[in-house]
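**Student:** Here it is: the structure, laid out below.
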Amino acid sequence: MTSCTKTLRVLVVDDHELTRCTLQLALSLQAYIGTVEVAINGKEAIAKVHKHEPDVVVMDLHMPVMDGWTASSAIKTEYPHIKIVAYSAADGGKSRAIANGASIDAFCDKGACTRSLLEAIRSVA
């Protein structure tokens, strides 16, 4: 992130409540992040993107109702400037996620530390 004073708007999308709440808290404590919205699946994520137009979406790939692959592609089609960080335990990392159709800018394994996710968010922002 550059030295400008703009803070990021982030949307966390995950079907597990504990993961959503934990990420919302951890991200909201960062000085460079202004607001953190949450969604429980890809369908809700698309609605929240329309409403809040976040700068970065942290997207789980495996979710019911609508998965992260479908949602990321829909978001990127309409909002190509929004950055998407896949946050998933899916095998293969970023290259496999992209090969399977995810429209993402970065990938962070759910097994990684919080700092890794924060670095991924900063790198795309």
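Residues are referred to by chain and number: the chain letter is A, B, ... according to the order shown in the structure tokens, the number counts from 1 in that chain, and ligands are numbered separately from 1 in the order shown.
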Can you check which residues of chain A DSSP gives as strand (DSSP E) on the backbone and send them as a PyMOL selection string?
**Tutor:** chain A and resi 8-13+33-39+56-59+83-88+106-109
**Student:** Output N, CA and C atoms for every residue in that selection, as a PDB file, in the first residue's frame.
**Tutor:**
```pdb
ATOM      1  N   LEU A   8      -8.405   0.543   3.370  1.00  0.00           N
ATOM      2  CA  LEU A   8      -9.051  -0.466   2.539  1.00  0.00           C
ATOM      3  C   LEU A   8     -10.410  -0.873   3.081  1.00  0.00           C
ATOM      4  N   ARG A   9     -11.298  -1.178   2.155  1.00  0.00           N
ATOM      5  CA  ARG A   9     -12.575  -1.813   2.483  1.00  0.00           C
ATOM      6  C   ARG A   9     -12.426  -3.279   2.107  1.00  0.00           C
ATOM      7  N   VAL A  10     -12.674  -4.170   3.074  1.00  0.00           N
ATOM      8  CA  VAL A  10     -12.459  -5.598   2.856  1.00  0.00           C
ATOM      9  C   VAL A  10     -13.760  -6.361   3.091  1.00  0.00           C
ATOM     10  N   LEU A  11     -13.978  -7.385   2.276  1.00  0.00           N
ATOM     11  CA  LEU A  11     -15.098  -8.300   2.450  1.00  0.00           C
ATOM     12  C   LEU A  11     -14.527  -9.692   2.691  1.00  0.00           C
ATOM     13  N   VAL A  12     -14.911 -10.315   3.802  1.00  0.00           N
ATOM     14  CA  VAL A  12     -14.495 -11.673   4.133  1.00  0.00           C
ATOM     15  C   VAL A  12     -15.651 -12.615   3.816  1.00  0.00           C
ATOM     16  N   VAL A  13     -15.385 -13.636   2.998  1.00  0.00           N
ATOM     17  CA  VAL A  13     -16.420 -14.578   2.589  1.00  0.00           C
ATOM     18  C   VAL A  13     -16.003 -15.988   3.014  1.00  0.00           C
ATOM     19  N   ILE A  33      -6.738  -0.912   7.216  1.00  0.00           N
ATOM     20  CA  ILE A  33      -8.046  -1.455   6.851  1.00  0.00           C
ATOM     21  C   ILE A  33      -9.123  -0.680   7.593  1.00  0.00           C
ATOM     22  N   GLY A  34     -10.043  -0.099   6.827  1.00  0.00           N
ATOM     23  CA  GLY A  34     -11.084   0.733   7.422  1.00  0.00           C
ATOM     24  C   GLY A  34     -12.319  -0.036   7.825  1.00  0.00           C
ATOM     25  N   THR A  35     -12.907  -0.770   6.885  1.00  0.00           N
ATOM     26  CA  THR A  35     -14.119  -1.525   7.185  1.00  0.00           C
ATOM     27  C   THR A  35     -13.944  -2.970   6.753  1.00  0.00           C
ATOM     28  N   VAL A  36     -14.593  -3.869   7.488  1.00  0.00           N
ATOM     29  CA  VAL A  36     -14.574  -5.290   7.162  1.00  0.00           C
ATOM     30  C   VAL A  36     -16.008  -5.815   7.201  1.00  0.00           C
ATOM     31  N   GLU A  37     -16.534  -6.126   6.041  1.00  0.00           N
ATOM     32  CA  GLU A  37     -17.855  -6.740   5.924  1.00  0.00           C
ATOM     33  C   GLU A  37     -17.666  -8.243   5.834  1.00  0.00           C
ATOM     34  N   VAL A  38     -18.730  -9.010   6.096  1.00  0.00           N
ATOM     35  CA  VAL A  38     -18.661 -10.463   5.994  1.00  0.00           C
ATOM     36  C   VAL A  38     -19.827 -11.006   5.173  1.00  0.00           C
ATOM     37  N   ALA A  39     -19.604 -12.160   4.560  1.00  0.00           N
ATOM     38  CA  ALA A  39     -20.637 -12.883   3.820  1.00  0.00           C
ATOM     39  C   ALA A  39     -20.425 -14.374   4.066  1.00  0.00           C
ATOM     40  N   VAL A  56     -10.853  -5.168  -1.504  1.00  0.00           N
ATOM     41  CA  VAL A  56     -10.313  -6.527  -1.470  1.00  0.00           C
ATOM     42  C   VAL A  56     -11.379  -7.481  -0.936  1.00  0.00           C
ATOM     43  N   VAL A  57     -11.499  -8.648  -1.571  1.00  0.00           N
ATOM     44  CA  VAL A  57     -12.372  -9.714  -1.093  1.00  0.00           C
ATOM     45  C   VAL A  57     -11.489 -10.889  -0.685  1.00  0.00           C
ATOM     46  N   VAL A  58     -11.641 -11.353   0.557  1.00  0.00           N
ATOM     47  CA  VAL A  58     -10.962 -12.557   1.028  1.00  0.00           C
ATOM     48  C   VAL A  58     -11.988 -13.679   0.890  1.00  0.00           C
ATOM     49  N   MET A  59     -11.758 -14.596  -0.055  1.00  0.00           N
ATOM     50  CA  MET A  59     -12.774 -15.548  -0.485  1.00  0.00           C
ATOM     51  C   MET A  59     -12.379 -16.997  -0.222  1.00  0.00           C
ATOM     52  N   LYS A  83      -9.803  -6.594  -5.955  1.00  0.00           N
ATOM     53  CA  LYS A  83      -8.796  -7.640  -5.779  1.00  0.00           C
ATOM     54  C   LYS A  83      -9.387  -8.773  -4.954  1.00  0.00           C
ATOM     55  N   ILE A  84      -9.111 -10.008  -5.358  1.00  0.00           N
ATOM     56  CA  ILE A  84      -9.630 -11.171  -4.658  1.00  0.00           C
ATOM     57  C   ILE A  84      -8.470 -12.035  -4.176  1.00  0.00           C
ATOM     58  N   VAL A  85      -8.472 -12.289  -2.865  1.00  0.00           N
ATOM     59  CA  VAL A  85      -7.496 -13.186  -2.250  1.00  0.00           C
ATOM     60  C   VAL A  85      -8.246 -14.466  -1.889  1.00  0.00           C
ATOM     61  N   ALA A  86      -7.900 -15.573  -2.541  1.00  0.00           N
ATOM     62  CA  ALA A  86      -8.496 -16.855  -2.174  1.00  0.00           C
ATOM     63  C   ALA A  86      -7.879 -17.282  -0.846  1.00  0.00           C
ATOM     64  N   TYR A  87      -8.736 -17.616   0.102  1.00  0.00           N
ATOM     65  CA  TYR A  87      -8.293 -18.062   1.431  1.00  0.00           C
ATOM     66  C   TYR A  87      -8.876 -19.446   1.604  1.00  0.00           C
ATOM     67  N   SER A  88      -8.053 -20.455   1.345  1.00  0.00           N
ATOM     68  CA  SER A  88      -8.612 -21.793   1.232  1.00  0.00           C
ATOM     69  C   SER A  88      -7.618 -22.860   1.641  1.00  0.00           C
ATOM     70  N   ALA A 106      -4.526 -13.345  -5.585  1.00  0.00           N
ATOM     71  CA  ALA A 106      -3.558 -13.939  -4.659  1.00  0.00           C
ATOM     72  C   ALA A 106      -4.214 -15.135  -3.986  1.00  0.00           C
ATOM     73  N   PHE A 107      -3.379 -15.968  -3.378  1.00  0.00           N
ATOM     74  CA  PHE A 107      -3.868 -17.161  -2.688  1.00  0.00           C
ATOM     75  C   PHE A 107      -3.172 -17.246  -1.337  1.00  0.00           C
ATOM     76  N   CYS A 108      -3.938 -17.553  -0.288  1.00  0.00           N
ATOM     77  CA  CYS A 108      -3.373 -17.773   1.037  1.00  0.00           C
ATOM     78  C   CYS A 108      -3.980 -19.055   1.592  1.00  0.00           C
ATOM     79  N   ASP A 109      -3.132 -19.975   1.984  1.00  0.00           N
ATOM     80  CA  ASP A 109      -3.592 -21.239   2.549  1.00  0.00           C
ATOM     81  C   ASP A 109      -4.159 -21.002   3.938  1.00  0.00           C
TER      82      ASP A 109
END
```
**Student:** Among chain A, which residues does DSSP mark as helix (DSSP H, G or I) when it is run on the backbone? Keep the chain and numbering as in the structure and answer as number ranges by chain.
**Tutor:** A: 17-28, 42-52, 68-78, 93-99, 114-124
**Student:** So that I can see what lies close to His81 of chain A, please list as a compact mmCIF listing (two decimals) with N, CA and C atoms, in the first residue's frame the residues with an atom at most 12 Å from it, counting only C-alpha atoms and leaving out residues fewer than 5 positions away in the same chain.
**Tutor:**
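So the final result, stored in result-v6.txt, reads:
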```txt
# COMPACT_ATOMS: atom_id res chain seq x y z
N VAL A 49 -20.78 -7.11 -2.47
CA VAL A 49 -19.90 -6.36 -3.38
C VAL A 49 -20.70 -5.25 -4.05
N GLU A 53 -18.90 -2.29 -2.51
CA GLU A 53 -17.74 -2.16 -3.40
C GLU A 53 -16.42 -2.17 -2.65
N PRO A 54 -16.06 -3.31 -2.05
CA PRO A 54 -14.81 -3.39 -1.30
C PRO A 54 -13.60 -3.28 -2.23
N ASP A 55 -12.46 -2.97 -1.65
CA ASP A 55 -11.21 -2.95 -2.41
C ASP A 55 -10.66 -4.36 -2.56
N VAL A 56 -10.85 -5.17 -1.50
CA VAL A 56 -10.31 -6.53 -1.47
C VAL A 56 -11.38 -7.48 -0.94
N VAL A 57 -11.50 -8.65 -1.57
CA VAL A 57 -12.37 -9.71 -1.09
C VAL A 57 -11.49 -10.89 -0.69
N ILE A 75 -17.68 -11.68 -9.72
CA ILE A 75 -17.23 -10.39 -9.20
C ILE A 75 -16.24 -9.75 -10.16
N LYS A 76 -15.26 -10.52 -10.64
CA LYS A 76 -14.24 -9.97 -11.55
C LYS A 76 -14.84 -9.52 -12.89
N SER A 103 -11.10 -16.67 -10.35
CA SER A 103 -10.54 -15.41 -10.83
C SER A 103 -9.98 -14.68 -9.62
N ILE A 104 -8.72 -14.97 -9.30
CA ILE A 104 -8.13 -14.43 -8.07
C ILE A 104 -6.83 -13.69 -8.36
N ASP A 105 -6.46 -12.83 -7.42
CA ASP A 105 -5.21 -12.07 -7.54
C ASP A 105 -4.12 -12.63 -6.65
N VAL A 124 -1.84 -7.18 -2.90
CA VAL A 124 -2.78 -6.91 -3.99
C VAL A 124 -3.34 -5.49 -3.93
N ALA A 125 -3.35 -4.90 -2.75
CA ALA A 125 -3.90 -3.56 -2.59
C ALA A 125 -2.94 -2.52 -3.12
```
**Student:** So how far away is atom CA of Lys48 of chain A from atom CA of Met66 of chain A, in Å?
**Tutor:**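 Computing it gives 13.8 Å between the two atoms.
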**Student:** At what distance in Å, to one decimal, does atom CA of Gln30 of chain A lie from atom CA of His62 of chain A?
**Tutor:**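 Pair atom CA of His62 of chain A / atom CA of Gln30 of chain A returns 26.3 Å.
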**Student:** Taking only C-alpha atoms into account, name the residue in A:Ala26, A:Tyr32, A:Ile82, A:Ile40 that is nearest to Arg115 of chain A.
**Tutor:**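 Of the candidates, the smallest distance to Arg115 of chain A is held by A:Ala26.
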**Student:** Restricting the calculation to only C-alpha atoms, which member of A:His52, A:Asp14, A:Gly42, A:Lys6 is positioned closest to Lys110 of chain A?
**Tutor:**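 Looking only at the distances to Lys110 of chain A, the closest residue turns out to be A:Asp14.
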**Student:** Just checking: using only C-alpha atoms, which residue out of A:Ala120, A:Asn41, A:Tyr79, A:Thr114 ends up closest to Thr22 of chain A?
**Tutor:**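 Going through A:Ala120, A:Asn41, A:Tyr79, A:Thr114 one by one, the smallest distance to Thr22 of chain A is for A:Thr114.
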**Student:** Given only C-alpha atoms as the basis, pick out the residue of A:Ile46, A:Cys113, A:Ala31, A:Leu18 nearest to Ser72 of chain A.
**Tutor:** A:Ile46
**Student:** Taking only C-alpha atoms into account, which of A:Ala89, A:Val65, A:Arg122, A:Asp60 comes nearest Leu23 of chain A?
**Tutor:**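 Counting only C-alpha atoms, the residue closest to Leu23 of chain A is A:Asp60.
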**Student:** Hey, which of A:Glu119, A:Arg96, A:Pro64, A:His50 ends up closest to Glu78 of chain A? Count only C-alpha atoms.
**Tutor:**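 Ranking A:Glu119, A:Arg96, A:Pro64, A:His50 by distance to Glu78 of chain A, first place goes to A:His50.
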**Student:** To one decimal place, how far is atom CA of Thr77 of chain A from atom CA of Glu17 of chain A in Å?
**Tutor:**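 The value is 27.6 Å.
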